[in-house]
Amino acid sequence: MRLWVYVVRRVVLAVPVLIGILTVLFVILSALPESTVVCSFWPPSGKVSPCTSEIPCPQNPSQLCPNPVYQAGVNGLGLNQPVFVQWFNFVGNALTFHWGYVAPGSGLGVGLAGAGLPALAGDSVSGLIGTFLPYTLELLLLTFALTLLVVVPIQRRARAWPGGWADHVARALTVPGYAISIVIIGPLVAFGVMDALGGAAAPSPICGSSSTVFLDFFRSWPEPTCKALYGTSNLGLFGFPTWLGLAGYQSTPTGFPTLDAAIHGDGWLALDTVLRMVLPALTLTWVAVAVVFRYVRFTPFEKEPFEFLAGARARGLPESDVARRLAGRSALSEVTSGLGPALAMVLGMLPLVEGYSGLWGVGSLFTYSVLGGSPEWDFGVMIGTILTCTLLVFLGSLALDLVRAYFDPRFRLEGSNGDRLRVSSGSVHRPRSLDALAPT
């Protein structure tokens with residue numbers, strides 16, 4: 001099967017999977033009360049909130065009248081229609097990024113001063129996630145860069161010389177990643193680093209006595225005094241650079257804070273942003289490495305004998321070429337297959353890791369929507385972050401499958417009608433006829 005045919009086939013087969021995931025989310029959402037759904041997924045009209053079915057009558061405030069905004073939400077969301085109409089509306093809104101609005105009574109709606117967030121009531125959930133998603137993407141890129149630096153050399157060595165020290169190292173990295181929860185290892189790493197640097201309350205070694213070690217190495221941005229100390233230009237009203245906005249999180253023009261800092265000439269701030277992501281990224285790498293090695297060791301191809309390596313050695317190919325070209329290509333294909341499950345696991349850990357690290361990102365948004373200091377949960381933000389992670393896993397897995405199909409032809413030929421494969425010298429061939437298999 002040609003690569004472009006496999007790409008089209010893989011994309012078409014992925015669509016029903018995405019629809020199935022959205023259907024599961026719809027079933028979960030259907031269990032919520034009607035008022036909660038309207039409050040989370042319908043915008044307010046001026047000062048009139050959609051979160052209650054009745055409001056004081058304009059002519060006589062002592063009496064209650066039907067809330068027209070609430071009724072418009074019921075009609076617009078199809079909550080008074082049959083279930084299949086509601087499902088169709090939900091799937092359509094999910095695919096067009098109409099993910100609701102920040103609830104007025106939630107923690108995000110009233111504002112989280114401790115987290116540096118203003119009142120966001122009525123803001124679009126998709127717009128809010130779009131602002132914070134680049135922070136998460138930078139953390140994920142750093143995490144999987146570190147993961148590849150660990151797993152690719154070890155897996156290549158394990159493929160070239162099975163049963164050697166690389167196999168034992170892979171096993172040693174797999175077991176602790178599953179046995180020791182990230183709930184334990186994450187805070188231990190964070191507070192251990194703080195203690196090693198002098199404690200959270202010690203004078204700052206970077207920003208001076210006005211800051212602390214915690215503020216130097218955690219949270220997405222340093223305190224304004226740090227930026228003034230480093231001579232950052234164009235400071236705004238609250239001490240942040242003007243390209244970060246008043247609250248210090250709306251990065252422009254690209255939305256990616258590290259890239260924007262470099263574009264605006266604040267190279268120290270770009271480096272500072274990367275350093276603040278190192279500890280959270282190492283914590284997530286702990287999980288990703290364990291998942292990749294666990295998955296790779298139980299893939300169908302893992303148990304196949306690698307005759308092409310023995311054949312290459314028999315033809316006199318140097319060991320360096322065997323490890324680098326043949327075993328390396330096979331290892332990269334196998335590692336790629338494990339990155340999909342690792343991505344799903346890492347995304348599930350984001351609320352915890354971004355939460356205790358104080359990093360901006362969609363994981364922190366999910367945490368704030370649940371634990372925002374208000375008795376009212378923000379279901380619009382919760383569903384929006386779940387949809388975001390779902391799309392990231394969906395697109396990431398699709399891209400990884402295409403990369404693996406490029407590196408390993410066996411993968412894209414798997415499941416084709418009656419294909420017979422012949423593996424030799426590290427490549428895969430499809431015989432044109434049975435005569436090609438006959439001995440000469």
# chains A, B, ... in the order shown; residues from 1 in each chain; ligands from 1
$ residues_around --residues "A:Pro68" --least-positions-apart "6" --cutoff "9 Å" --atoms "only C-alpha atoms" --output "PDB file with N, CA and C atoms, in the first residue's frame"
ATOM      1  N   VAL A  48     -27.699  40.261  32.019  1.00  0.00           N
ATOM      2  CA  VAL A  48     -28.637  39.177  32.297  1.00  0.00           C
ATOM      3  C   VAL A  48     -27.907  37.849  32.126  1.00  0.00           C
ATOM      4  N   PRO A  50     -27.575  33.677  31.972  1.00  0.00           N
ATOM      5  CA  PRO A  50     -28.407  32.548  31.556  1.00  0.00           C
ATOM      6  C   PRO A  50     -28.484  31.448  32.612  1.00  0.00           C
ATOM      7  N   SER A  53     -33.570  30.361  35.576  1.00  0.00           N
ATOM      8  CA  SER A  53     -34.747  30.363  34.692  1.00  0.00           C
ATOM      9  C   SER A  53     -35.668  31.534  34.948  1.00  0.00           C
ATOM     10  N   GLU A  54     -35.501  32.207  36.091  1.00  0.00           N
ATOM     11  CA  GLU A  54     -36.369  33.337  36.422  1.00  0.00           C
ATOM     12  C   GLU A  54     -35.528  34.509  36.901  1.00  0.00           C
ATOM     13  N   ILE A  55     -36.000  35.709  36.579  1.00  0.00           N
ATOM     14  CA  ILE A  55     -35.347  36.943  37.008  1.00  0.00           C
ATOM     15  C   ILE A  55     -36.418  37.905  37.513  1.00  0.00           C
TER      16      ILE A  55
END
$ residues_around --residues "A:Leu387" --least-positions-apart "6" --cutoff "9 Å" --atoms "only C-alpha atoms" --output "list in words"
Leu22, Leu25, Ala94 and Trp99 of chain A
$ residues_around --residues "stretch 368-370 of chain A" --least-positions-apart "6" --cutoff "9 Å" --atoms "only C-alpha atoms" --output "list of chain:residue names"
A:Ser106, A:Gly107, A:Leu108, A:Leu112, A:Gly355, A:Glu376, A:Trp377, A:Asp378, A:Phe379, A:Gly380, A:Val381, A:Met382
$ write_last_selection --atoms "C-alpha atoms" --output "mmCIF file, in the first residue's frame"
data_model
loop_
_atom_site.group_PDB
_atom_site.id
_atom_site.type_symbol
_atom_site.label_atom_id
_atom_site.label_comp_id
_atom_site.auth_asym_id
_atom_site.auth_seq_id
_atom_site.Cartn_x
_atom_site.Cartn_y
_atom_site.Cartn_z
ATOM 1 C CA SER A 106 -17.376 29.920 39.129
ATOM 2 C CA GLY A 107 -13.912 30.654 40.442
ATOM 3 C CA LEU A 108 -12.731 31.667 36.972
ATOM 4 C CA LEU A 112 -8.633 34.290 40.990
ATOM 5 C CA GLY A 355 -1.221 22.910 39.225
ATOM 6 C CA GLU A 376 -19.929 26.365 41.545
ATOM 7 C CA TRP A 377 -17.935 24.228 39.114
ATOM 8 C CA ASP A 378 -17.314 25.576 35.642
ATOM 9 C CA PHE A 379 -18.512 22.750 33.418
ATOM 10 C CA GLY A 380 -17.936 24.709 30.218
ATOM 11 C CA VAL A 381 -14.219 25.021 30.951
ATOM 12 C CA MET A 382 -14.080 21.407 32.141
#
$ atom_distance --atom1 "atom CA of A:Gly122" --atom2 "atom CA of A:Tyr70"
14.1 Å
$ residues_around --residues "A:Gly76" --least-positions-apart "4" --cutoff "12 Å" --atoms "only C-alpha atoms" --output "VMD selection string"
chain A and resid 37 to 38 41 to 43 50 68 to 72 80 to 81 85 to 86 89 to 90 93
$ residues_around --residues "stretch 256-259 of chain A" --least-positions-apart "4" --cutoff "12 Å" --atoms "only C-alpha atoms" --output "VMD selection string"
chain A and resid 130 to 139 141 to 142 220 to 221 241 243 to 245 248 to 252 263 to 277 359 to 361
$ write_last_selection --atoms "N, CA and C atoms" --output "tab-separated table (two decimals), in the first residue's frame"
chain	number	residue	atom	x	y	z
A	130	GLY	N	-7.53	28.82	23.91
A	130	GLY	CA	-6.58	29.21	22.89
A	130	GLY	C	-5.46	30.08	23.43
A	131	THR	N	-5.75	30.87	24.47
A	131	THR	CA	-4.72	31.69	25.09
A	131	THR	C	-3.74	30.87	25.89
A	132	PHE	N	-4.22	29.84	26.59
A	132	PHE	CA	-3.38	29.05	27.48
A	132	PHE	C	-2.79	27.80	26.81
A	133	LEU	N	-3.33	27.39	25.67
A	133	LEU	CA	-2.84	26.17	25.02
A	133	LEU	C	-1.37	26.25	24.62
A	134	PRO	N	-0.86	27.39	24.09
A	134	PRO	CA	0.56	27.43	23.73
A	134	PRO	C	1.49	27.13	24.90
A	135	TYR	N	1.12	27.51	26.12
A	135	TYR	CA	1.95	27.19	27.28
A	135	TYR	C	2.05	25.67	27.45
A	136	THR	N	0.91	25.00	27.31
A	136	THR	CA	0.90	23.53	27.42
A	136	THR	C	1.67	22.89	26.29
A	137	LEU	N	1.53	23.41	25.08
A	137	LEU	CA	2.25	22.83	23.95
A	137	LEU	C	3.77	22.96	24.13
A	138	GLU	N	4.22	24.08	24.67
A	138	GLU	CA	5.66	24.21	24.93
A	138	GLU	C	6.12	23.20	25.97
A	139	LEU	N	5.32	22.99	27.01
A	139	LEU	CA	5.68	22.00	28.02
A	139	LEU	C	5.70	20.60	27.42
A	141	LEU	N	6.26	19.80	24.23
A	141	LEU	CA	7.40	19.69	23.33
A	141	LEU	C	8.69	19.41	24.11
A	142	LEU	N	8.88	20.13	25.22
A	142	LEU	CA	10.07	19.89	26.04
A	142	LEU	C	10.03	18.49	26.65
A	220	SER	N	4.78	30.49	35.76
A	220	SER	CA	5.15	30.72	34.37
A	220	SER	C	5.99	31.98	34.17
A	221	TRP	N	5.80	32.99	35.01
A	221	TRP	CA	6.54	34.23	34.81
A	221	TRP	C	7.14	34.67	36.14
A	241	PRO	N	6.03	42.96	30.83
A	241	PRO	CA	6.22	43.56	29.49
A	241	PRO	C	4.88	43.77	28.80
A	243	TRP	N	3.92	43.22	25.91
A	243	TRP	CA	3.48	42.15	25.02
A	243	TRP	C	2.89	40.97	25.79
A	244	LEU	N	2.93	41.01	27.15
A	244	LEU	CA	2.27	39.99	27.96
A	244	LEU	C	0.90	40.42	28.45
A	245	GLY	N	0.51	41.68	28.21
A	245	GLY	CA	-0.77	42.14	28.71
A	245	GLY	C	-0.70	42.52	30.17
A	248	GLY	N	-0.22	39.49	32.54
A	248	GLY	CA	1.03	38.77	32.41
A	248	GLY	C	0.91	37.37	31.85
A	249	TYR	N	-0.15	37.06	31.10
A	249	TYR	CA	-0.27	35.72	30.54
A	249	TYR	C	-0.70	35.71	29.07
A	250	GLN	N	-1.17	36.82	28.54
A	250	GLN	CA	-1.62	36.86	27.16
A	250	GLN	C	-0.46	37.25	26.25
A	251	SER	N	0.32	36.26	25.87
A	251	SER	CA	1.53	36.49	25.08
A	251	SER	C	1.18	36.80	23.63
A	252	THR	N	1.87	37.77	23.07
A	252	THR	CA	1.67	38.15	21.67
A	252	THR	C	3.03	38.29	21.00
A	263	ILE	N	11.28	37.06	20.18
A	263	ILE	CA	10.91	38.01	19.12
A	263	ILE	C	11.04	39.45	19.62
A	264	HIS	N	10.65	39.69	20.87
A	264	HIS	CA	10.68	41.04	21.42
A	264	HIS	C	12.05	41.40	22.01
A	265	GLY	N	13.03	40.54	21.84
A	265	GLY	CA	14.36	40.85	22.31
A	265	GLY	C	14.62	40.59	23.77
A	266	ASP	N	13.68	39.97	24.48
A	266	ASP	CA	13.86	39.63	25.89
A	266	ASP	C	14.41	38.22	25.99
A	267	GLY	N	15.65	38.03	25.56
A	267	GLY	CA	16.24	36.70	25.55
A	267	GLY	C	16.34	36.08	26.92
A	268	TRP	N	16.61	36.90	27.94
A	268	TRP	CA	16.69	36.34	29.30
A	268	TRP	C	15.36	35.78	29.74
A	269	LEU	N	14.25	36.43	29.31
A	269	LEU	CA	12.93	35.96	29.70
A	269	LEU	C	12.58	34.66	28.97
A	270	ALA	N	13.04	34.51	27.72
A	270	ALA	CA	12.83	33.25	27.00
A	270	ALA	C	13.55	32.11	27.71
A	271	LEU	N	14.80	32.36	28.13
A	271	LEU	CA	15.55	31.34	28.86
A	271	LEU	C	14.90	31.05	30.21
A	272	ASP	N	14.44	32.10	30.87
A	272	ASP	CA	13.79	31.92	32.16
A	272	ASP	C	12.53	31.07	32.03
A	273	THR	N	11.78	31.27	30.94
A	273	THR	CA	10.56	30.49	30.71
A	273	THR	C	10.88	29.01	30.53
A	274	VAL	N	11.95	28.72	29.81
A	274	VAL	CA	12.34	27.32	29.61
A	274	VAL	C	12.78	26.70	30.93
A	275	LEU	N	13.56	27.44	31.73
A	275	LEU	CA	14.03	26.91	33.00
A	275	LEU	C	12.87	26.60	33.94
A	276	ARG	N	11.82	27.39	33.89
A	276	ARG	CA	10.67	27.14	34.75
A	276	ARG	C	9.88	25.90	34.33
A	277	MET	N	10.08	25.46	33.09
A	277	MET	CA	9.40	24.26	32.62
A	277	MET	C	10.22	22.99	32.81
A	359	LEU	N	2.16	26.62	36.66
A	359	LEU	CA	2.34	26.97	35.26
A	359	LEU	C	0.98	27.29	34.63
A	360	TRP	N	1.00	28.27	33.70
A	360	TRP	CA	-0.19	28.46	32.88
A	360	TRP	C	-0.34	27.27	31.94
A	361	GLY	N	-1.56	26.98	31.55
A	361	GLY	CA	-1.82	25.89	30.62
A	361	GLY	C	-3.23	25.38	30.77
$ select_by_dssp --residues "stretch 45-129 of chain A" --states "alpha helix (DSSP H)" --output "ChimeraX atom specification"
/A:68-77,83-95,107-110,125-129
$ residues_around --residues "A:Gly338" --least-positions-apart "6" --cutoff "7 Å" --atoms "only C-alpha atoms" --output "JSON, numbers by chain"
{"A": [291, 292, 295, 296]}
$ residues_around --residues "A:Pro176" --least-positions-apart "2" --cutoff "12 Å" --atoms "only C-alpha atoms" --output "list in words"
Val169, Ala170, Arg171, Ala172, Leu173, Thr174, Tyr178, Ala179, Ile180, Ser181, Ile182, Ile184, Ile185, Trp286, Val287, Ala288, Val289, Ala290, Val291, Phe293 and Arg294 of chain A
$ atom_distance --atom1 "atom CA of A:Val403" --atom2 "atom CA of A:Leu343"
15.1 Å
$ closest_residue --among "A:Ser397, A:Thr385, A:Ser364, A:Ser40" --to "A:Ile129" --atoms "only C-alpha atoms"
A:Thr385
